[in-house]
file entry35.txt (compact mmCIF, C-alpha atoms and all ligand atoms)
# COMPACT_ATOMS: atom_id res chain seq x y z
CA MET A 9 2.35 1.67 -24.36
CA LYS A 10 1.80 5.40 -23.98
CA PHE A 11 5.06 6.09 -25.81
CA GLU A 12 7.53 4.29 -28.00
CA ARG A 13 10.91 3.16 -26.93
CA LYS A 14 12.49 5.45 -29.52
CA ASP A 15 11.02 8.42 -27.63
CA LEU A 16 13.25 7.68 -24.64
CA PRO A 17 16.80 9.08 -24.35
CA VAL A 18 19.45 7.01 -26.15
CA GLY A 19 20.68 4.09 -24.05
CA THR A 20 17.80 4.11 -21.58
CA PRO A 21 17.48 0.54 -20.33
CA VAL A 22 14.02 -0.96 -19.98
CA VAL A 23 13.49 -3.26 -17.01
CA GLY A 24 10.34 -5.36 -17.13
CA MET A 25 9.05 -6.27 -13.69
CA ILE A 26 6.36 -8.94 -13.46
CA GLY A 27 3.86 -8.03 -10.77
CA GLY A 28 2.49 -4.65 -9.75
CA GLY A 29 2.61 -4.74 -5.97
CA GLN A 30 4.37 -2.42 -3.56
CA LEU A 31 7.79 -3.84 -4.40
CA ALA A 32 7.44 -2.71 -8.01
CA ARG A 33 6.07 0.62 -6.79
CA MET A 34 9.11 1.20 -4.57
CA THR A 35 11.43 0.07 -7.39
CA GLN A 36 10.00 2.86 -9.51
CA GLU A 37 11.33 5.51 -7.10
CA THR A 38 14.88 4.39 -7.73
CA ALA A 39 14.28 3.68 -11.45
CA ILE A 40 13.35 7.35 -11.81
CA ALA A 41 16.57 8.45 -10.14
CA LEU A 42 18.76 6.16 -12.24
CA GLY A 43 17.04 7.06 -15.50
CA VAL A 44 15.89 3.49 -15.96
CA GLN A 45 12.57 2.81 -17.65
CA LEU A 46 10.47 0.46 -15.55
CA ARG A 47 7.69 -1.56 -17.24
CA VAL A 48 5.34 -3.41 -14.98
CA LEU A 49 3.06 -6.33 -15.80
CA ALA A 50 0.18 -5.31 -13.57
CA GLU A 51 -2.69 -7.34 -12.14
CA GLY A 52 -5.10 -4.45 -12.72
CA PRO A 53 -5.14 -0.82 -13.86
CA ALA A 54 -4.94 0.65 -10.35
CA VAL A 55 -2.73 -1.78 -8.44
CA SER A 56 0.02 -0.35 -6.25
CA ALA A 57 2.73 0.01 -8.93
CA ALA A 58 0.36 0.84 -11.78
CA GLN A 59 -0.44 4.09 -9.96
CA ALA A 60 3.22 5.08 -10.21
CA VAL A 61 4.46 3.55 -13.48
CA ALA A 62 3.38 4.95 -16.83
CA ASP A 63 4.09 1.76 -18.75
CA ALA A 64 2.06 -0.82 -16.84
CA PRO A 65 0.10 -3.11 -19.14
CA VAL A 66 -2.50 -5.23 -17.38
CA GLY A 67 -2.08 -8.96 -17.84
CA ASP A 68 -1.96 -12.39 -16.26
CA TYR A 69 1.57 -13.58 -15.48
CA ARG A 70 0.38 -17.20 -15.86
CA ASP A 71 -0.55 -16.66 -19.49
CA PRO A 72 2.49 -17.50 -21.67
CA GLU A 73 1.54 -15.21 -24.54
CA THR A 74 1.03 -12.25 -22.21
CA VAL A 75 4.42 -12.78 -20.61
CA ARG A 76 6.16 -13.29 -23.94
CA ARG A 77 4.75 -10.05 -25.29
CA PHE A 78 5.62 -8.18 -22.11
CA ALA A 79 9.18 -9.53 -22.05
CA ALA A 80 9.81 -8.75 -25.72
CA GLU A 81 9.76 -5.04 -24.93
CA ALA A 82 12.25 -5.17 -22.04
CA ASP A 83 16.02 -5.51 -21.88
CA VAL A 84 15.75 -7.64 -18.78
CA VAL A 85 12.88 -9.30 -16.96
CA THR A 86 12.67 -9.37 -13.16
CA PHE A 87 9.98 -9.87 -10.53
CA ASP A 88 7.85 -8.31 -7.84
CA HIS A 89 6.79 -11.83 -6.75
CA GLU A 90 8.02 -15.38 -7.22
CA HIS A 91 5.03 -17.01 -8.86
CA VAL A 92 5.85 -17.02 -12.56
CA PRO A 93 6.08 -20.67 -13.70
CA THR A 94 9.70 -21.65 -14.31
CA ASP A 95 8.85 -23.46 -17.60
CA LEU A 96 7.80 -20.18 -19.06
CA LEU A 97 10.95 -18.46 -17.82
CA HIS A 98 13.12 -21.20 -19.33
CA GLU A 99 11.36 -20.56 -22.60
CA LEU A 100 12.13 -16.82 -22.38
CA GLU A 101 15.77 -17.56 -21.64
CA ALA A 102 15.95 -19.95 -24.58
CA ALA A 103 14.62 -17.12 -26.74
CA GLY A 104 17.57 -14.97 -25.63
CA ILE A 105 15.74 -12.82 -23.07
CA LYS A 106 17.59 -12.00 -19.87
CA VAL A 107 15.63 -13.20 -16.85
CA TYR A 108 17.02 -12.21 -13.45
CA PRO A 109 16.85 -14.10 -11.19
CA GLY A 110 16.76 -16.96 -13.69
CA PRO A 111 14.41 -19.92 -13.30
CA ASP A 112 17.15 -22.25 -12.03
CA ALA A 113 17.69 -19.90 -9.08
CA LEU A 114 14.07 -18.81 -8.65
CA VAL A 115 12.75 -22.34 -8.16
CA HIS A 116 14.46 -22.33 -4.75
CA ALA A 117 12.27 -19.44 -3.67
CA GLN A 118 9.15 -21.12 -5.09
CA ASP A 119 9.53 -24.57 -3.65
CA LYS A 120 10.67 -25.10 -0.06
CA ALA A 121 11.45 -28.81 -0.63
CA VAL A 122 13.70 -28.03 -3.59
CA MET A 123 15.33 -25.30 -1.51
CA ARG A 124 15.98 -27.62 1.46
CA GLN A 125 17.49 -30.32 -0.77
CA ARG A 126 19.77 -27.88 -2.56
CA LEU A 127 20.96 -26.21 0.63
CA ASP A 128 21.68 -29.60 2.21
CA ALA A 129 23.93 -30.38 -0.75
CA PHE A 130 26.35 -27.68 0.35
CA ASP A 131 25.75 -28.02 4.08
CA ALA A 132 23.98 -24.71 4.61
CA PRO A 133 22.64 -24.80 8.19
CA ALA A 134 18.95 -25.79 8.31
CA PRO A 135 16.35 -27.13 10.72
CA ALA A 136 15.85 -30.92 10.52
CA HIS A 137 13.33 -31.53 7.77
CA GLN A 138 11.63 -34.12 5.57
CA VAL A 139 8.89 -34.20 2.96
CA VAL A 140 5.97 -36.16 4.44
CA ALA A 141 3.02 -37.78 2.70
CA SER A 142 1.15 -39.52 5.53
CA ARG A 143 0.47 -39.48 9.28
CA ASP A 144 2.89 -42.39 9.66
CA GLU A 145 5.67 -40.46 8.00
CA ILE A 146 4.92 -37.51 10.27
CA ALA A 147 5.13 -39.76 13.33
CA ASP A 148 8.43 -41.27 12.10
CA PHE A 149 9.90 -37.84 11.44
CA ALA A 150 8.92 -36.60 14.90
CA LYS A 151 10.48 -39.69 16.47
CA ARG A 152 13.71 -39.16 14.55
CA ILE A 153 14.11 -35.56 15.75
CA GLY A 154 13.08 -36.18 19.38
CA GLY A 155 9.32 -35.66 19.35
CA PHE A 156 6.51 -33.17 18.81
CA PRO A 157 5.67 -30.36 18.32
CA ILE A 158 6.85 -30.08 14.74
CA ILE A 159 6.20 -27.61 11.93
CA LEU A 160 4.30 -28.56 8.78
CA LYS A 161 4.40 -26.28 5.77
CA THR A 162 3.30 -26.29 2.18
CA THR A 163 6.27 -26.56 -0.17
CA ARG A 164 4.65 -24.06 -2.54
CA GLY A 165 2.29 -21.12 -2.39
CA GLY A 166 2.72 -20.09 1.26
CA TYR A 167 2.94 -16.44 2.27
CA ASP A 168 2.54 -14.37 5.41
CA GLY A 169 2.37 -17.53 7.50
CA LYS A 170 -0.46 -19.03 5.44
CA GLY A 171 0.59 -22.60 4.80
CA VAL A 172 2.49 -23.04 8.09
CA TRP A 173 1.13 -25.17 10.95
CA VAL A 174 2.36 -26.42 14.32
CA ALA A 175 1.44 -30.08 14.82
CA GLU A 176 1.32 -31.44 18.36
CA SER A 177 0.91 -35.05 17.23
CA SER A 178 0.38 -37.04 14.05
CA GLU A 179 -3.35 -37.00 14.90
CA ASP A 180 -3.50 -33.21 15.21
CA PRO A 181 -6.37 -31.78 13.07
CA VAL A 182 -3.90 -29.40 11.40
CA VAL A 183 -2.45 -32.45 9.64
CA ASP A 184 -5.67 -32.74 7.64
CA GLU A 185 -5.55 -29.05 6.88
CA ALA A 186 -1.99 -29.35 5.60
CA PHE A 187 -2.70 -32.36 3.39
CA ALA A 188 -5.86 -30.67 2.09
CA ALA A 189 -3.62 -28.01 0.53
CA ASN A 190 -2.86 -30.54 -2.21
CA VAL A 191 0.82 -29.73 -2.55
CA PRO A 192 3.72 -31.71 -1.06
CA ILE A 193 4.15 -31.02 2.66
CA LEU A 194 7.45 -30.38 4.38
CA ALA A 195 7.89 -31.32 8.03
CA GLU A 196 10.47 -29.34 10.00
CA GLU A 197 11.94 -29.32 13.45
CA LYS A 198 10.17 -26.56 15.43
CA VAL A 199 13.16 -24.36 16.07
CA ASP A 200 13.45 -22.93 19.56
CA PHE A 201 14.57 -19.52 18.39
CA VAL A 202 15.55 -16.41 20.30
CA ARG A 203 14.59 -14.27 17.33
CA GLU A 204 14.33 -14.20 13.55
CA LEU A 205 17.04 -12.59 11.48
CA SER A 206 17.26 -11.70 7.84
CA ALA A 207 20.36 -11.56 5.67
CA ILE A 208 19.96 -9.59 2.46
CA VAL A 209 22.51 -9.62 -0.31
CA ALA A 210 22.56 -8.30 -3.86
CA ARG A 211 24.45 -10.12 -6.60
CA SER A 212 25.06 -9.14 -10.21
CA PRO A 213 25.49 -11.39 -13.28
CA HIS A 214 29.25 -11.03 -13.32
CA GLY A 215 29.39 -12.02 -9.67
CA GLN A 216 29.79 -8.81 -7.70
CA ALA A 217 27.92 -9.07 -4.41
CA VAL A 218 27.21 -6.89 -1.39
CA ALA A 219 25.73 -7.83 1.98
CA TYR A 220 23.43 -5.59 4.01
CA PRO A 221 23.72 -5.45 7.78
CA ILE A 222 21.91 -8.39 9.41
CA VAL A 223 18.52 -7.30 10.71
CA GLU A 224 16.13 -8.62 13.32
CA SER A 225 12.55 -9.18 12.22
CA VAL A 226 9.50 -9.72 14.38
CA GLN A 227 6.56 -11.72 12.98
CA VAL A 228 3.11 -11.79 14.52
CA ASN A 229 0.78 -14.54 13.24
CA GLY A 230 3.29 -15.22 10.47
CA ILE A 231 3.32 -11.60 9.25
CA CYS A 232 6.40 -9.41 9.50
CA VAL A 233 5.55 -6.41 11.68
CA GLU A 234 8.86 -4.81 12.67
CA VAL A 235 12.48 -4.81 11.52
CA THR A 236 15.51 -3.43 13.36
CA ALA A 237 18.78 -2.74 11.57
CA PRO A 238 21.26 -3.87 12.64
CA ALA A 239 19.97 -6.76 14.78
CA PRO A 240 20.63 -5.45 18.32
CA ASP A 241 23.42 -7.16 20.26
CA LEU A 242 24.19 -9.70 17.56
CA ALA A 243 27.77 -10.88 18.07
CA PRO A 244 29.96 -9.64 15.19
CA GLU A 245 31.03 -13.24 14.41
CA GLN A 246 27.39 -14.31 14.16
CA ALA A 247 26.59 -11.36 11.90
CA ALA A 248 29.53 -12.21 9.66
CA LYS A 249 28.48 -15.85 9.57
CA ALA A 250 24.91 -14.90 8.55
CA GLN A 251 26.22 -12.64 5.80
CA GLN A 252 28.58 -15.32 4.53
CA THR A 253 25.76 -17.87 4.47
CA ALA A 254 23.63 -15.55 2.35
CA LEU A 255 26.51 -14.71 0.00
CA ARG A 256 27.30 -18.41 -0.37
CA ILE A 257 23.67 -19.25 -1.20
CA ALA A 258 23.47 -16.41 -3.74
CA LYS A 259 26.61 -17.70 -5.45
CA GLU A 260 25.76 -21.42 -5.36
CA LEU A 261 22.26 -20.80 -6.71
CA GLY A 262 23.38 -18.20 -9.23
CA VAL A 263 20.99 -15.57 -7.92
CA VAL A 264 20.96 -12.22 -9.72
CA GLY A 265 19.28 -9.33 -7.90
CA ILE A 266 18.31 -9.27 -4.26
CA LEU A 267 18.36 -12.46 -2.22
CA ALA A 268 16.78 -12.38 1.23
CA VAL A 269 17.62 -15.27 3.53
CA GLU A 270 15.21 -15.58 6.46
CA MET A 271 17.01 -17.15 9.40
CA PHE A 272 16.40 -18.29 12.94
CA GLU A 273 18.83 -17.48 15.71
CA ALA A 274 18.32 -20.65 17.73
CA ARG A 275 18.65 -20.63 21.52
CA ASP A 276 21.66 -22.93 21.17
CA GLY A 277 23.40 -20.33 18.97
CA ARG A 278 22.83 -22.02 15.60
CA LEU A 279 21.88 -19.77 12.70
CA LEU A 280 19.41 -21.77 10.61
CA VAL A 281 18.04 -20.91 7.19
CA ASN A 282 14.25 -20.66 7.15
CA GLU A 283 13.44 -19.65 3.60
CA LEU A 284 14.61 -17.64 0.62
CA ALA A 285 13.13 -14.75 -1.33
CA MET A 286 14.60 -13.53 -4.62
CA ARG A 287 13.30 -9.99 -4.87
CA PRO A 288 13.35 -6.96 -2.60
CA HIS A 289 12.02 -8.19 0.75
CA ASN A 290 9.97 -6.68 3.57
CA THR A 291 12.95 -7.06 5.91
CA GLY A 292 14.93 -4.77 3.59
CA HIS A 293 12.49 -1.85 3.42
CA TRP A 294 14.48 -0.08 6.15
CA SER A 295 17.23 0.40 3.56
CA ILE A 296 15.26 3.00 1.58
CA ASP A 297 15.84 5.59 4.28
CA GLY A 298 18.43 3.80 6.41
CA ALA A 299 21.12 2.64 3.97
CA VAL A 300 23.38 4.40 1.49
CA THR A 301 21.87 2.28 -1.31
CA SER A 302 18.40 0.81 -0.91
CA GLN A 303 17.62 -2.82 -1.70
CA PHE A 304 15.44 -1.58 -4.57
CA GLU A 305 18.29 0.36 -6.10
CA ASN A 306 20.71 -2.54 -5.72
CA HIS A 307 18.15 -4.90 -7.23
CA LEU A 308 17.91 -2.66 -10.30
CA ARG A 309 21.67 -2.19 -10.48
CA ALA A 310 22.18 -5.95 -10.20
CA VAL A 311 19.72 -6.96 -12.92
CA LEU A 312 21.29 -4.33 -15.21
CA ASP A 313 24.80 -5.58 -14.31
CA LEU A 314 25.78 -2.15 -13.02
CA PRO A 315 28.26 -1.78 -10.16
CA LEU A 316 26.44 -2.27 -6.85
CA GLY A 317 26.06 0.49 -4.28
CA SER A 318 27.14 0.55 -0.67
CA PRO A 319 24.75 -1.33 1.62
CA ALA A 320 26.10 0.47 4.69
CA ALA A 321 23.67 1.93 7.22
CA ARG A 322 23.39 5.70 7.47
CA ALA A 323 22.65 5.72 11.20
CA PRO A 324 23.48 3.49 14.15
CA TYR A 325 19.86 2.23 14.27
CA THR A 326 16.98 2.09 11.84
CA VAL A 327 13.57 0.70 12.74
CA MET A 328 10.90 -0.09 10.15
CA VAL A 329 7.35 -0.87 11.26
CA ASN A 330 4.73 -2.16 8.83
CA VAL A 331 1.44 -0.34 8.61
CA LEU A 332 -1.12 -3.13 8.61
CA GLY A 333 -4.77 -2.41 7.89
CA GLY A 334 -6.98 -2.38 10.99
CA ASP A 335 -10.51 -3.71 11.39
CA ASP A 336 -11.99 -0.30 11.98
CA GLU A 337 -13.58 1.52 9.02
CA SER A 338 -12.86 4.86 10.66
CA THR A 339 -9.12 4.32 10.23
CA ALA A 340 -9.34 3.81 6.46
CA ASP A 341 -8.32 7.41 5.71
CA MET A 342 -4.57 7.05 6.05
CA HIS A 343 -3.88 10.39 4.48
CA TYR A 344 -5.78 12.18 7.21
CA ALA A 345 -3.84 10.28 9.87
CA LEU A 346 -0.56 11.47 8.33
CA LEU A 347 -1.08 14.95 9.72
CA HIS A 348 -0.49 13.94 13.30
CA CYS A 349 2.47 11.67 12.50
CA LEU A 350 4.32 14.23 10.41
CA ALA A 351 3.68 16.98 12.96
CA ARG A 352 4.89 14.89 15.87
CA ASP A 353 8.08 13.63 14.24
CA PRO A 354 9.86 15.62 11.52
CA GLY A 355 12.44 12.82 11.16
CA LEU A 356 9.85 10.15 10.37
CA LYS A 357 9.69 8.60 6.89
CA VAL A 358 6.34 7.30 5.68
CA HIS A 359 5.77 4.99 2.71
CA PHE A 360 2.23 4.28 1.54
CA TYR A 361 1.57 1.63 -1.07
CA GLY A 362 -1.60 3.07 -2.62
CA LYS A 363 -3.62 0.19 -1.23
CA SER A 364 -6.95 0.52 0.44
CA VAL A 365 -7.20 -0.69 4.00
CA LYS A 366 -8.24 -4.29 4.66
CA PRO A 367 -7.70 -6.07 7.98
CA GLY A 368 -4.11 -7.30 8.24
CA ARG A 369 -3.14 -6.06 4.77
CA LYS A 370 0.28 -4.44 4.36
CA VAL A 371 -0.67 -0.94 3.25
CA GLY A 372 2.57 0.87 4.02
CA HIS A 373 5.51 1.16 6.37
CA VAL A 374 7.21 3.81 8.47
CA THR A 375 10.90 4.20 9.20
CA ALA A 376 12.81 6.09 11.86
CA TYR A 377 16.55 6.21 12.35
CA GLY A 378 18.99 7.67 14.84
CA ASP A 379 21.50 6.98 17.59
CA ASP A 380 19.25 5.73 20.35
CA LEU A 381 17.48 2.43 19.71
CA ASP A 382 14.70 2.93 22.27
CA ASP A 383 13.88 6.35 20.89
CA VAL A 384 13.97 5.23 17.26
CA ARG A 385 11.76 2.24 18.04
CA GLU A 386 9.24 4.33 19.97
CA ARG A 387 8.94 6.81 17.10
CA ALA A 388 8.39 4.14 14.46
CA ARG A 389 5.96 2.15 16.61
CA HIS A 390 3.98 5.21 17.57
CA ALA A 391 3.56 6.30 13.97
CA ALA A 392 2.48 2.85 12.77
CA ALA A 393 0.07 2.46 15.68
CA TYR A 394 -1.43 5.87 15.02
CA LEU A 395 -1.82 5.23 11.30
CA THR A 396 -3.51 1.92 11.93
CA GLY A 397 -5.87 3.44 14.49
CA THR A 398 -4.51 1.41 17.42
CA ILE A 399 -3.85 4.63 19.34
CA ASP A 400 -5.41 8.03 18.83
CA GLU A 401 -2.95 10.53 20.23
N1 LIG B 1 10.92 -24.70 11.47
C1 LIG B 1 10.35 -23.67 12.12
N2 LIG B 1 10.49 -23.54 13.45
C2 LIG B 1 9.89 -22.54 14.14
N3 LIG B 1 9.13 -21.58 13.55
C3 LIG B 1 8.95 -21.63 12.22
C4 LIG B 1 9.55 -22.67 11.43
N4 LIG B 1 9.19 -22.45 10.15
C5 LIG B 1 8.43 -21.35 10.13
N5 LIG B 1 8.26 -20.84 11.37
C6 LIG B 1 7.52 -19.61 11.73
O1 LIG B 1 6.52 -19.36 10.77
C7 LIG B 1 6.80 -18.13 10.04
C8 LIG B 1 6.41 -18.29 8.58
O2 LIG B 1 7.14 -19.36 8.00
P1 LIG B 1 7.73 -19.26 6.53
O3 LIG B 1 8.62 -18.10 6.46
O4 LIG B 1 8.31 -20.59 6.16
O5 LIG B 1 6.36 -19.10 5.75
P2 LIG B 1 5.82 -18.11 4.66
O6 LIG B 1 4.36 -18.08 4.85
O7 LIG B 1 6.38 -18.54 3.36
O8 LIG B 1 6.39 -16.74 5.05
P3 LIG B 1 6.60 -15.43 4.19
O9 LIG B 1 5.46 -14.55 4.53
O10 LIG B 1 7.89 -14.95 4.74
O11 LIG B 1 6.66 -15.84 2.76
C9 LIG B 1 8.29 -17.92 10.25
O12 LIG B 1 8.62 -16.57 10.06
C10 LIG B 1 8.44 -18.40 11.70
O13 LIG B 1 7.97 -17.43 12.61
MG MG B 2 8.89 -16.35 5.71
call {"tool": "encode", "arguments": {"input": "entry35.txt", "output": "structure tokens", "more": "lines below"}}
Ligand SMILES: Nc1ncnc2c1ncn2[C@@H]1O[C@H](COP(=O)(O)OP(=O)(O)OP(=O)(O)O)[C@@H](O)[C@H]1O
Ligand SMILES: [Mg+2]
result
Amino acid sequence: MKFERKDLPVGTPVVGMIGGGQLARMTQETAIALGVQLRVLAEGPAVSAAQAVADAPVGDYRDPETVRRFAAEADVVTFDHEHVPTDLLHELEAAGIKVYPGPDALVHAQDKAVMRQRLDAFDAPAPAHQVVASRDEIADFAKRIGGFPIILKTTRGGYDGKGVWVAESSEDPVVDEAFAANVPILAEEKVDFVRELSAIVARSPHGQAVAYPIVESVQVNGICVEVTAPAPDLAPEQAAKAQQTALRIAKELGVVGILAVEMFEARDGRLLVNELAMRPHNTGHWSIDGAVTSQFENHLRAVLDLPLGSPAARAPYTVMVNVLGGDDESTADMHYALLHCLARDPGLKVHFYGKSVKPGRKVGHVTAYGDDLDDVRERARHAAAYLTGTIDE
């Protein structure tokens, strides 16, 4: 630590966030404003959040002693990712440390089979699903739901579409790939969806909760590329239903902090839960510039049991486009590319994560907001495309 806790103003809460990625980095912006001291357990000395947080010890979140020591100097422990083993978190809780979200909630964001089983127990709407351990079980599952194709996914460890396969038959080579992952495999109905939606809510320990407007998210190759808030032309009843589903899940699972519920809007009108995240989520980044209270601020308020802020949008439309690293070396200098973007669009908001460019890596995002959806979308897309070197004017 560069300074002692006693050097901070009286009453300053210390929030310990495990993981030093861009989510911790963006949490720091709001921690500064609220006068909250953010500590980050960082993967290395120069990771995204470590560049922005003074108190960012480097350590391995899988090492119990490291986590214990880190947690001992925080008033509450929270997360930039969902990978901390729940055994360890139970141990922290037993030692009287506040962990938000707690391990009994977090396990539903770690393990898709546990999540499916728990959501079934209170009839949350889901695609047909079953844990499968052999080709025969895959064939039986497909028969039960009316045939192939089906989705196979790892119950643990998947991200950005890694660990998700479409199987055309029980003999499909992807079946071997899935089983080679050496974790239980979940088979799911391949949902015929019109689009993907995301419902983000924040919930505090004493049970206050707020729901953000439902957004539409576009994924390419399993990676989120664009988010529109609110989801255009979503019927108000559907939006309310999606919000209620997310609020219900947050309450049933006892989530504290941000809960993001990824959903499918099926062609037949069903709203089906895809998966859960219990931390600020990519589909909520629009809220930094587009909402009265960002998801990062509400996450901090929630874990500190402070009253939550308004999740209302500031403008009729907000579009967030991810800046994904391109293949071209010549586009690695993002700072240089800023010049054009800022000159072209004084209303544009740019967020860089302090990450060097690698193909497909999320290195930042841009946000535009306003009254006209087509205009807002064009501005955000143009900026992201320029920054990634896809266009050069
Ligand atoms: N049952 C399904 N039917 C149709 N498409 C699906 C299904 N499950 C997943 N997908 C597609 O695959 C994408 C990734 O799936 P999922 O969100 O489960 O995986 P992930 O790798 O954990 O994602 P994330 O990067 O959000 O953590 C989804 O956003 C969706 O586009
Ligand atoms: Mg997902």
call {"tool": "residues_around", "arguments": {"input": "entry35.txt", "residues": "A:Leu46", "least_positions_apart": "3", "cutoff": "9 Å", "atoms": "all atoms listed in the file", "output": "JSON, numbers by chain"}}
result
{"A": [21, 22, 23, 24, 25, 32, 35, 36, 39, 40, 61, 62, 63, 64, 82]}
call {"tool": "write_last_selection", "arguments": {"input": "entry35.txt", "atoms": "C-alpha atoms", "output": "PDB file, in the coordinates of the input"}}
result
ATOM      1  CA  PRO A  21      17.480   0.540 -20.330  1.00  0.00           C
ATOM      2  CA  VAL A  22      14.020  -0.960 -19.980  1.00  0.00           C
ATOM      3  CA  VAL A  23      13.490  -3.260 -17.010  1.00  0.00           C
ATOM      4  CA  GLY A  24      10.340  -5.360 -17.130  1.00  0.00           C
ATOM      5  CA  MET A  25       9.050  -6.270 -13.690  1.00  0.00           C
ATOM      6  CA  ALA A  32       7.440  -2.710  -8.010  1.00  0.00           C
ATOM      7  CA  THR A  35      11.430   0.070  -7.390  1.00  0.00           C
ATOM      8  CA  GLN A  36      10.000   2.860  -9.510  1.00  0.00           C
ATOM      9  CA  ALA A  39      14.280   3.680 -11.450  1.00  0.00           C
ATOM     10  CA  ILE A  40      13.350   7.350 -11.810  1.00  0.00           C
ATOM     11  CA  VAL A  61       4.460   3.550 -13.480  1.00  0.00           C
ATOM     12  CA  ALA A  62       3.380   4.950 -16.830  1.00  0.00           C
ATOM     13  CA  ASP A  63       4.090   1.760 -18.750  1.00  0.00           C
ATOM     14  CA  ALA A  64       2.060  -0.820 -16.840  1.00  0.00           C
ATOM     15  CA  ALA A  82      12.250  -5.170 -22.040  1.00  0.00           C
TER      16      ALA A  82
END
call {"tool": "atom_distance", "arguments": {"input": "entry35.txt", "atom1": "atom CA of A:Gln118", "atom2": "atom CA of A:Ala217"}}
result
22.3 Å
call {"tool": "residues_around", "arguments": {"input": "entry35.txt", "residues": "A:Tyr108", "least_positions_apart": "4", "cutoff": "6 Å", "atoms": "all atoms listed in the file", "output": "JSON list (two decimals) with C-alpha atoms, in the coordinates of the input"}}
result
[["chain", "number", "residue", "atom", "x", "y", "z"],
["A", 86, "THR", "CA", 12.67, -9.37, -13.16],
["A", 264, "VAL", "CA", 20.96, -12.22, -9.72],
["A", 311, "VAL", "CA", 19.72, -6.96, -12.92]]
call {"tool": "residues_near_ligand", "arguments": {"input": "entry35.txt", "ligand": "ligand MG 2 (chain B)", "cutoff": "12 Å", "atoms": "all atoms listed in the file", "output": "PyMOL selection string"}}
result
chain A and resi 117-118+120+161-162+165-172+204-206+225-232+268-272+281-285+289-291
call {"tool": "atom_distance", "arguments": {"input": "entry35.txt", "atom1": "atom CA of A:Pro65", "atom2": "atom CA of A:Leu308"}}
result
19.9 Å
call {"tool": "axis_aligned_box", "arguments": {"input": "entry35.txt", "around": "stretch 209-227 of chain A", "padding_each_side": "3 Å", "output": "JSON"}}
result
{"center_x": 18.2, "center_y": -8.7, "center_z": 0.5, "size_x": 29.2, "size_y": 12.6, "size_z": 33.7}
call {"tool": "residues_around", "arguments": {"input": "entry35.txt", "residues": "stretch 323-333 of chain A", "least_positions_apart": "2", "cutoff": "6 Å", "atoms": "all atoms listed in the file", "output": "VMD selection string"}}
result
chain A and resid 233 to 237 294 298 321 365 to 379 381 385 392
call {"tool": "closest_residue", "arguments": {"input": "entry35.txt", "among": "A:Ile105, A:Ile159, A:Ala80, A:Leu314", "to": "ligand LIG 1 (chain B)", "atoms": "all atoms listed in the file"}}
result
A:Ile159
call {"tool": "residues_around", "arguments": {"input": "entry35.txt", "residues": "A:Gly27", "least_positions_apart": "6", "cutoff": "12 Å", "atoms": "only C-alpha atoms", "output": "NGL selection string"}}
result
:A and (33 or 35 or 46-53 or 55-58 or 61 or 64-70 or 75 or 78 or 85-92 or 287)
call {"tool": "atom_distance", "arguments": {"input": "entry35.txt", "atom1": "atom CA of A:Phe156", "atom2": "atom CA of A:Ala175"}}
result
7.2 Å
call {"tool": "closest_residue", "arguments": {"input": "entry35.txt", "among": "A:Asp112, A:Glu245, A:Asp119, A:Glu145", "to": "ligand LIG 1 (chain B)", "atoms": "only C-alpha atoms and all ligand atoms"}}
result
A:Asp119
call {"tool": "closest_residue", "arguments": {"input": "entry35.txt", "among": "A:Val199, A:Ala79, A:Val174, A:Val218", "to": "A:Arg278", "atoms": "all atoms listed in the file"}}
result
A:Val199
call {"tool": "closest_residue", "arguments": {"input": "entry35.txt", "among": "A:Lys14, A:Arg164, A:Gly154, A:Leu42", "to": "ligand LIG 1 (chain B)", "atoms": "all atoms listed in the file"}}
result
A:Arg164
call {"tool": "closest_residue", "arguments": {"input": "entry35.txt", "among": "A:Gly28, A:Pro157, A:Pro133, A:Gly277", "to": "A:Phe201", "atoms": "only C-alpha atoms"}}
result
A:Gly277
call {"tool": "closest_residue", "arguments": {"input": "entry35.txt", "among": "A:Asn190, A:Thr163, A:Ser302, A:Gln246", "to": "ligand LIG 1 (chain B)", "atoms": "only C-alpha atoms and all ligand atoms"}}
result
A:Thr163
call {"tool": "residues_around", "arguments": {"input": "entry35.txt", "residues": "A:Gly19", "least_positions_apart": "6", "cutoff": "12 Å", "atoms": "all atoms listed in the file", "output": "list in words"}}
result
Arg13, Gly43, Val44, Gln45 and Asp83 of chain A
call {"tool": "residues_near_point", "arguments": {"input": "entry35.txt", "point": "(13.5, -19.9, -12.3)", "cutoff": "9 Å", "atoms": "only C-alpha atoms", "output": "NGL selection string"}}
result
:A and (90 or 92-98 or 107-118)
call {"tool": "write_last_selection", "arguments": {"input": "entry35.txt", "atoms": "C-alpha atoms", "output": "compact mmCIF listing (two decimals), in the coordinates of the input"}}
result
# COMPACT_ATOMS: atom_id res chain seq x y z
CA GLU A 90 8.02 -15.38 -7.22
CA VAL A 92 5.85 -17.02 -12.56
CA PRO A 93 6.08 -20.67 -13.70
CA THR A 94 9.70 -21.65 -14.31
CA ASP A 95 8.85 -23.46 -17.60
CA LEU A 96 7.80 -20.18 -19.06
CA LEU A 97 10.95 -18.46 -17.82
CA HIS A 98 13.12 -21.20 -19.33
CA VAL A 107 15.63 -13.20 -16.85
CA TYR A 108 17.02 -12.21 -13.45
CA PRO A 109 16.85 -14.10 -11.19
CA GLY A 110 16.76 -16.96 -13.69
CA PRO A 111 14.41 -19.92 -13.30
CA ASP A 112 17.15 -22.25 -12.03
CA ALA A 113 17.69 -19.90 -9.08
CA LEU A 114 14.07 -18.81 -8.65
CA VAL A 115 12.75 -22.34 -8.16
CA HIS A 116 14.46 -22.33 -4.75
CA ALA A 117 12.27 -19.44 -3.67
CA GLN A 118 9.15 -21.12 -5.09
